[in-house]
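Asker: protein-v6.pdb is reproduced below (PDB, C-alpha atoms, pLDDT in the B column).
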```pdb
ATOM      1  CA  MET A 650       0.000   0.000   0.000  1.00 76.00           C
ATOM      2  CA  ASN A 651       2.871   2.349   0.746  1.00 82.00           C
ATOM      3  CA  ASP A 652       4.102   1.941  -2.843  1.00 85.00           C
ATOM      4  CA  VAL A 653       0.706   2.991  -4.199  1.00 84.00           C
ATOM      5  CA  VAL A 654       0.633   6.053  -1.940  1.00 87.00           C
ATOM      6  CA  ARG A 655       4.168   7.010  -3.028  1.00 88.00           C
ATOM      7  CA  THR A 656       3.292   6.488  -6.704  1.00 88.00           C
ATOM      8  CA  HIS A 657       0.197   8.715  -6.430  1.00 86.00           C
ATOM      9  CA  PRO A 658       1.121  11.313  -3.789  1.00 84.00           C
ATOM     10  CA  ASN A 659      -1.417  13.966  -4.827  1.00 87.00           C
ATOM     11  CA  ARG A 660      -4.372  11.695  -5.491  1.00 88.00           C
ATOM     12  CA  GLU A 661      -7.252  10.697  -3.276  1.00 89.00           C
ATOM     13  CA  LEU A 662      -7.135   6.905  -3.082  1.00 88.00           C
ATOM     14  CA  HIS A 663     -10.100   4.655  -2.317  1.00 86.00           C
ATOM     15  CA  VAL A 664      -9.378   1.092  -1.276  1.00 81.00           C
ATOM     16  CA  VAL A 665     -12.075  -1.580  -1.027  1.00 75.00           C
ATOM     17  CA  ILE A 666     -11.179  -4.085   1.671  1.00 75.00           C
ATOM     18  CA  ASP A 667     -12.831  -7.326   2.611  1.00 69.00           C
ATOM     19  CA  ASN A 668     -14.479  -6.846   5.982  1.00 62.00           C
ATOM     20  CA  LEU A 669     -12.134  -8.714   8.268  1.00 62.00           C
ATOM     21  CA  ASN A 670     -10.946  -7.002  11.422  1.00 63.00           C
ATOM     22  CA  ILE A 671      -8.757  -4.349   9.797  1.00 61.00           C
ATOM     23  CA  HIS A 672     -11.211  -1.554  10.639  1.00 59.00           C
ATOM     24  CA  LYS A 673     -10.724  -2.414  14.318  1.00 67.00           C
ATOM     25  CA  ASN A 674      -6.957  -2.644  13.983  1.00 78.00           C
ATOM     26  CA  GLU A 675      -5.077   0.155  15.775  1.00 83.00           C
ATOM     27  CA  ALA A 676      -2.075  -0.043  13.420  1.00 84.00           C
ATOM     28  CA  ALA A 677      -4.395   0.435  10.420  1.00 81.00           C
ATOM     29  CA  ARG A 678      -6.004   3.472  12.083  1.00 83.00           C
ATOM     30  CA  ARG A 679      -2.586   5.032  12.756  1.00 88.00           C
ATOM     31  CA  TRP A 680      -1.553   4.377   9.138  1.00 87.00           C
ATOM     32  CA  LEU A 681      -4.748   6.022   7.849  1.00 86.00           C
ATOM     33  CA  ASN A 682      -4.121   9.032  10.108  1.00 89.00           C
ATOM     34  CA  ARG A 683      -0.682   9.424   8.501  1.00 91.00           C
ATOM     35  CA  HIS A 684      -2.214   9.099   4.998  1.00 91.00           C
ATOM     36  CA  PRO A 685      -5.345  11.288   4.947  1.00 91.00           C
ATOM     37  CA  GLN A 686      -5.680  10.970   1.151  1.00 92.00           C
ATOM     38  CA  VAL A 687      -6.466   7.246   1.535  1.00 89.00           C
ATOM     39  CA  ARG A 688      -9.998   6.081   2.306  1.00 87.00           C
ATOM     40  CA  PHE A 689     -10.818   2.493   3.199  1.00 82.00           C
ATOM     41  CA  HIS A 690     -14.215   1.105   2.205  1.00 79.00           C
ATOM     42  CA  TYR A 691     -15.197  -2.191   3.778  1.00 75.00           C
ATOM     43  CA  THR A 692     -17.393  -4.767   2.126  1.00 71.00           C
ATOM     44  CA  PRO A 693     -20.180  -5.987   4.400  1.00 69.00           C
ATOM     45  CA  THR A 694     -19.504  -9.452   5.742  1.00 66.00           C
ATOM     46  CA  PRO A 695     -22.215 -11.152   3.634  1.00 65.00           C
ATOM     47  CA  ALA A 696     -20.847  -9.426   0.525  1.00 64.00           C
ATOM     48  CA  SER A 697     -17.244 -10.436   0.862  1.00 64.00           C
ATOM     49  CA  TRP A 698     -14.920 -10.592  -2.127  1.00 64.00           C
ATOM     50  CA  LEU A 699     -15.387 -14.357  -2.117  1.00 67.00           C
ATOM     51  CA  ASN A 700     -18.970 -13.792  -3.243  1.00 71.00           C
ATOM     52  CA  LEU A 701     -17.611 -12.053  -6.352  1.00 75.00           C
ATOM     53  CA  ILE A 702     -15.358 -15.025  -7.051  1.00 77.00           C
ATOM     54  CA  GLU A 703     -18.360 -17.326  -6.671  1.00 79.00           C
ATOM     55  CA  CYS A 704     -20.215 -15.167  -9.216  1.00 83.00           C
ATOM     56  CA  PHE A 705     -17.332 -15.460 -11.670  1.00 85.00           C
ATOM     57  CA  PHE A 706     -17.186 -19.242 -11.328  1.00 88.00           C
ATOM     58  CA  SER A 707     -20.947 -19.384 -11.823  1.00 89.00           C
ATOM     59  CA  ILE A 708     -20.563 -17.468 -15.094  1.00 90.00           C
ATOM     60  CA  LEU A 709     -17.678 -19.727 -16.103  1.00 92.00           C
ATOM     61  CA  GLY A 710     -19.732 -22.828 -15.356  1.00 92.00           C
ATOM     62  CA  LYS A 711     -22.843 -21.641 -17.200  1.00 92.00           C
ATOM     63  CA  GLN A 712     -21.217 -19.952 -20.186  1.00 90.00           C
ATOM     64  CA  GLY A 713     -17.855 -21.670 -20.515  1.00 87.00           C
ATOM     65  CA  LEU A 714     -18.118 -25.215 -19.260  1.00 90.00           C
ATOM     66  CA  ALA A 715     -21.784 -26.172 -19.632  1.00 88.00           C
ATOM     67  CA  HIS A 716     -22.375 -28.741 -22.358  1.00 86.00           C
ATOM     68  CA  SER A 717     -18.687 -28.910 -23.234  1.00 88.00           C
ATOM     69  CA  VAL A 718     -16.450 -31.936 -23.242  1.00 88.00           C
ATOM     70  CA  GLN A 719     -12.676 -31.777 -23.055  1.00 89.00           C
ATOM     71  CA  ARG A 720     -10.739 -34.924 -23.658  1.00 91.00           C
ATOM     72  CA  SER A 721      -7.413 -33.706 -22.266  1.00 92.00           C
ATOM     73  CA  LYS A 722      -5.894 -31.142 -19.955  1.00 92.00           C
ATOM     74  CA  GLN A 723      -4.670 -29.270 -23.047  1.00 94.00           C
ATOM     75  CA  ASP A 724      -8.232 -29.068 -24.422  1.00 94.00           C
ATOM     76  CA  LEU A 725      -9.514 -27.768 -21.079  1.00 93.00           C
ATOM     77  CA  LYS A 726      -6.676 -25.249 -20.898  1.00 94.00           C
ATOM     78  CA  LYS A 727      -7.477 -23.976 -24.423  1.00 94.00           C
ATOM     79  CA  LEU A 728     -11.172 -23.693 -23.593  1.00 94.00           C
ATOM     80  CA  LEU A 729     -10.436 -21.731 -20.408  1.00 94.00           C
ATOM     81  CA  ARG A 730      -8.002 -19.391 -22.176  1.00 95.00           C
ATOM     82  CA  ARG A 731     -10.553 -18.707 -24.947  1.00 93.00           C
ATOM     83  CA  PHE A 732     -13.265 -18.109 -22.375  1.00 93.00           C
ATOM     84  CA  LEU A 733     -11.092 -15.723 -20.329  1.00 93.00           C
ATOM     85  CA  ALA A 734      -9.970 -13.793 -23.432  1.00 94.00           C
ATOM     86  CA  ASN A 735     -13.595 -13.367 -24.546  1.00 92.00           C
ATOM     87  CA  TYR A 736     -14.782 -12.579 -21.016  1.00 91.00           C
ATOM     88  CA  ASN A 737     -12.097  -9.908 -20.558  1.00 90.00           C
ATOM     89  CA  GLU A 738     -13.167  -8.231 -23.819  1.00 91.00           C
ATOM     90  CA  THR A 739     -16.872  -8.194 -22.985  1.00 89.00           C
ATOM     91  CA  CYS A 740     -17.093  -7.882 -19.191  1.00 84.00           C
ATOM     92  CA  ASN A 741     -18.105  -4.699 -17.402  1.00 80.00           C
ATOM     93  CA  PRO A 742     -16.816  -3.325 -14.121  1.00 73.00           C
ATOM     94  CA  PHE A 743     -18.778  -4.238 -11.045  1.00 66.00           C
ATOM     95  CA  THR A 744     -21.005  -1.329 -10.053  1.00 70.00           C
ATOM     96  CA  TRP A 745     -22.031  -0.925  -6.435  1.00 66.00           C
ATOM     97  CA  THR A 746     -25.749  -0.215  -6.269  1.00 73.00           C
ATOM     98  CA  LYS A 747     -25.817   0.834  -2.648  1.00 69.00           C
ATOM     99  CA  GLY A 748     -23.710   3.506  -1.014  1.00 73.00           C
ATOM    100  CA  PRO A 749     -21.821   2.947   2.233  1.00 76.00           C
ATOM    101  CA  GLU A 750     -24.588   4.554   4.289  1.00 80.00           C
ATOM    102  CA  GLN A 751     -27.210   2.131   2.933  1.00 80.00           C
ATOM    103  CA  LEU A 752     -24.898  -0.828   3.468  1.00 76.00           C
ATOM    104  CA  GLN A 753     -24.169   0.278   7.021  1.00 82.00           C
ATOM    105  CA  ARG A 754     -27.909   0.585   7.689  1.00 83.00           C
ATOM    106  CA  ILE A 755     -28.468  -2.943   6.355  1.00 81.00           C
ATOM    107  CA  ILE A 756     -25.695  -4.304   8.576  1.00 81.00           C
ATOM    108  CA  GLU A 757     -27.053  -2.529  11.655  1.00 86.00           C
ATOM    109  CA  THR A 758     -30.623  -3.665  10.970  1.00 85.00           C
ATOM    110  CA  THR A 759     -29.440  -7.243  10.469  1.00 82.00           C
ATOM    111  CA  ASN A 760     -27.442  -7.149  13.709  1.00 83.00           C
ATOM    112  CA  GLU A 761     -30.429  -5.732  15.614  1.00 87.00           C
ATOM    113  CA  TYR A 762     -32.737  -8.415  14.209  1.00 83.00           C
ATOM    114  CA  GLN A 763     -30.271 -11.193  15.040  1.00 82.00           C
ATOM    115  CA  ALA A 764     -29.889  -9.872  18.595  1.00 86.00           C
ATOM    116  CA  VAL A 765     -33.658 -10.072  19.105  1.00 87.00           C
ATOM    117  CA  HIS A 766     -34.092 -13.324  17.153  1.00 82.00           C
ATOM    118  CA  PRO A 767     -31.026 -15.500  17.852  1.00 79.00           C
ATOM    119  CA  ARG A 768     -30.602 -18.540  15.683  1.00 73.00           C
ATOM    120  CA  LYS A 769     -31.746 -21.737  17.278  1.00 72.00           C
ATOM    121  CA  SER A 770     -29.067 -24.354  17.353  1.00 66.00           C
ATOM    122  CA  ARG A 771     -30.020 -27.330  15.269  1.00 61.00           C
ATOM    123  CA  ARG A 772     -29.127 -30.632  16.787  1.00 63.00           C
ATOM    124  CA  ARG A 773     -28.158 -33.310  14.423  1.00 61.00           C
ATOM    125  CA  THR A 774     -30.027 -36.495  14.957  1.00 64.00           C
ATOM    126  CA  ALA A 775     -28.286 -39.721  14.262  1.00 63.00           C
ATOM    127  CA  LYS A 776     -29.662 -41.570  11.282  1.00 64.00           C
ATOM    128  CA  PRO A 777     -30.968 -44.997  12.148  1.00 64.00           C
ATOM    129  CA  LYS A 778     -28.532 -47.678  11.142  1.00 64.00           C
ATOM    130  CA  LYS A 779     -29.674 -50.023   8.425  1.00 65.00           C
ATOM    131  CA  ALA A 780     -29.825 -53.645   9.324  1.00 63.00           C
ATOM    132  CA  ILE A 781     -27.410 -55.828   7.455  1.00 64.00           C
ATOM    133  CA  LEU A 782     -29.172 -58.870   6.055  1.00 57.00           C
TER     134      LEU A 782
END
```
Would you encode the structure as structure tokens?
Answerer:
Amino acid sequence: MNDVVRTHPNRELHVVIDNLNIHKNEAARRWLNRHPQVRFHYTPTPASWLNLIECFFSILGKQGLAHSVQRSKQDLKKLLRRFLANYNETCNPFTWTKGPEQLQRIIETTNEYQAVHPRKSRRRTAKPKKAIL
């Protein structure tokens, strides 16, 4: 991150970060205080970057791999390279549809609901064993 700040010293930088515990991290807060041109934006926990990867693999499965048969690793590799080349030419940037205030409200509302309505633990029941005949 320091390299990016040095490379763009007079630019306001916005960094999207997966919502781990970095926003609670004292070292991160001190670093942000020393770099006021940098703004961190945190993805809400249910919208982590892994969800975006899942979306990509869903697209790959439906558009690239569905109804296709590869008879070798080389054939699969060629198919994937063609798919990625085409995807990179036709894809669009991800556009956030909700601002940080709306996302924060959703998170707070969800937390309030979960505090009032805690999840009931589901006990697993042992399946009856089948008799061996």
Asker: Taking the file above as input, evaluate the PyMOL selection byres ((chain A and resi 686) around 7) and report the hits as a tab-separated table (two decimals) with C-alpha atoms, in the frame of the given file.
Answerer:
```
chain	number	residue	atom	x	y	z
A	660	ARG	CA	-4.37	11.70	-5.49
A	661	GLU	CA	-7.25	10.70	-3.28
A	662	LEU	CA	-7.14	6.90	-3.08
A	684	HIS	CA	-2.21	9.10	5.00
A	685	PRO	CA	-5.34	11.29	4.95
A	687	VAL	CA	-6.47	7.25	1.54
A	688	ARG	CA	-10.00	6.08	2.31
```
Asker: Pick out the closest residue to Gly710 of chain A from this set: A:Gln723, A:Val665, A:Phe732, A:Ala676. Count all atoms listed in the file.
Answerer: A:Phe732
Asker: Please identify all polymer residues within 12 Å of Arg731 of chain A, counting all atoms listed in the file, omitting same-chain residues fewer than 4 positions from it, and present them as an mmCIF file with C-alpha atoms, keeping the file's coordinate frame.
Answerer:
```
data_model
loop_
_atom_site.group_PDB
_atom_site.id
_atom_site.type_symbol
_atom_site.label_atom_id
_atom_site.label_comp_id
_atom_site.auth_asym_id
_atom_site.auth_seq_id
_atom_site.Cartn_x
_atom_site.Cartn_y
_atom_site.Cartn_z
ATOM 1 C CA LEU A 709 -17.678 -19.727 -16.103
ATOM 2 C CA GLN A 712 -21.217 -19.952 -20.186
ATOM 3 C CA GLY A 713 -17.855 -21.670 -20.515
ATOM 4 C CA LEU A 714 -18.118 -25.215 -19.260
ATOM 5 C CA ASP A 724 -8.232 -29.068 -24.422
ATOM 6 C CA LEU A 725 -9.514 -27.768 -21.079
ATOM 7 C CA LYS A 726 -6.676 -25.249 -20.898
ATOM 8 C CA LYS A 727 -7.477 -23.976 -24.423
ATOM 9 C CA ASN A 735 -13.595 -13.367 -24.546
ATOM 10 C CA TYR A 736 -14.782 -12.579 -21.016
ATOM 11 C CA ASN A 737 -12.097 -9.908 -20.558
ATOM 12 C CA GLU A 738 -13.167 -8.231 -23.819
#
```
Asker: In Å, rounded to a single decimal, give me how far atom CA of Cys740 of chain A is from atom CA of Cys704 of chain A.
Answerer: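 Value for the atom CA of Cys704 of chain A-atom CA of Cys740 of chain A distance: 12.7 Å.
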Asker: Using only C-alpha atoms, which of A:Asn682, A:Val664, A:Val653, A:Tyr691 sits nearest Pro749 of chain A?
Answerer: A:Tyr691
Asker: Considering only C-alpha atoms, state which residue in the set A:Asn674, A:Gln719, A:Phe689, A:Leu728 is at the smallest distance from Met650 of chain A.
Answerer: A:Phe689
Asker: State, in Å with one decimal place, the distance from atom CA of Glu761 of chain A to atom CA of Thr692 of chain A.
Answerer: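 That distance, rounded to one decimal, is 18.8 Å.
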Asker: Output as AutoDock Vina command-line options the centre and edge lengths (Å, one decimal) of the box along x, y and z of the file that holds every listed atom of segment 654-667 of chain A after adding 3 Å on each side.
Answerer:
```
--center_x -4.3 --center_y 3.3 --center_z -2.0 --size_x 23.0 --size_y 27.3 --size_z 15.3
```
Asker: Any idea what the distance is between atom CA of Trp680 of chain A and atom CA of Thr656 of chain A?
Answerer: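 Interatomic distance here is 16.7 Å.
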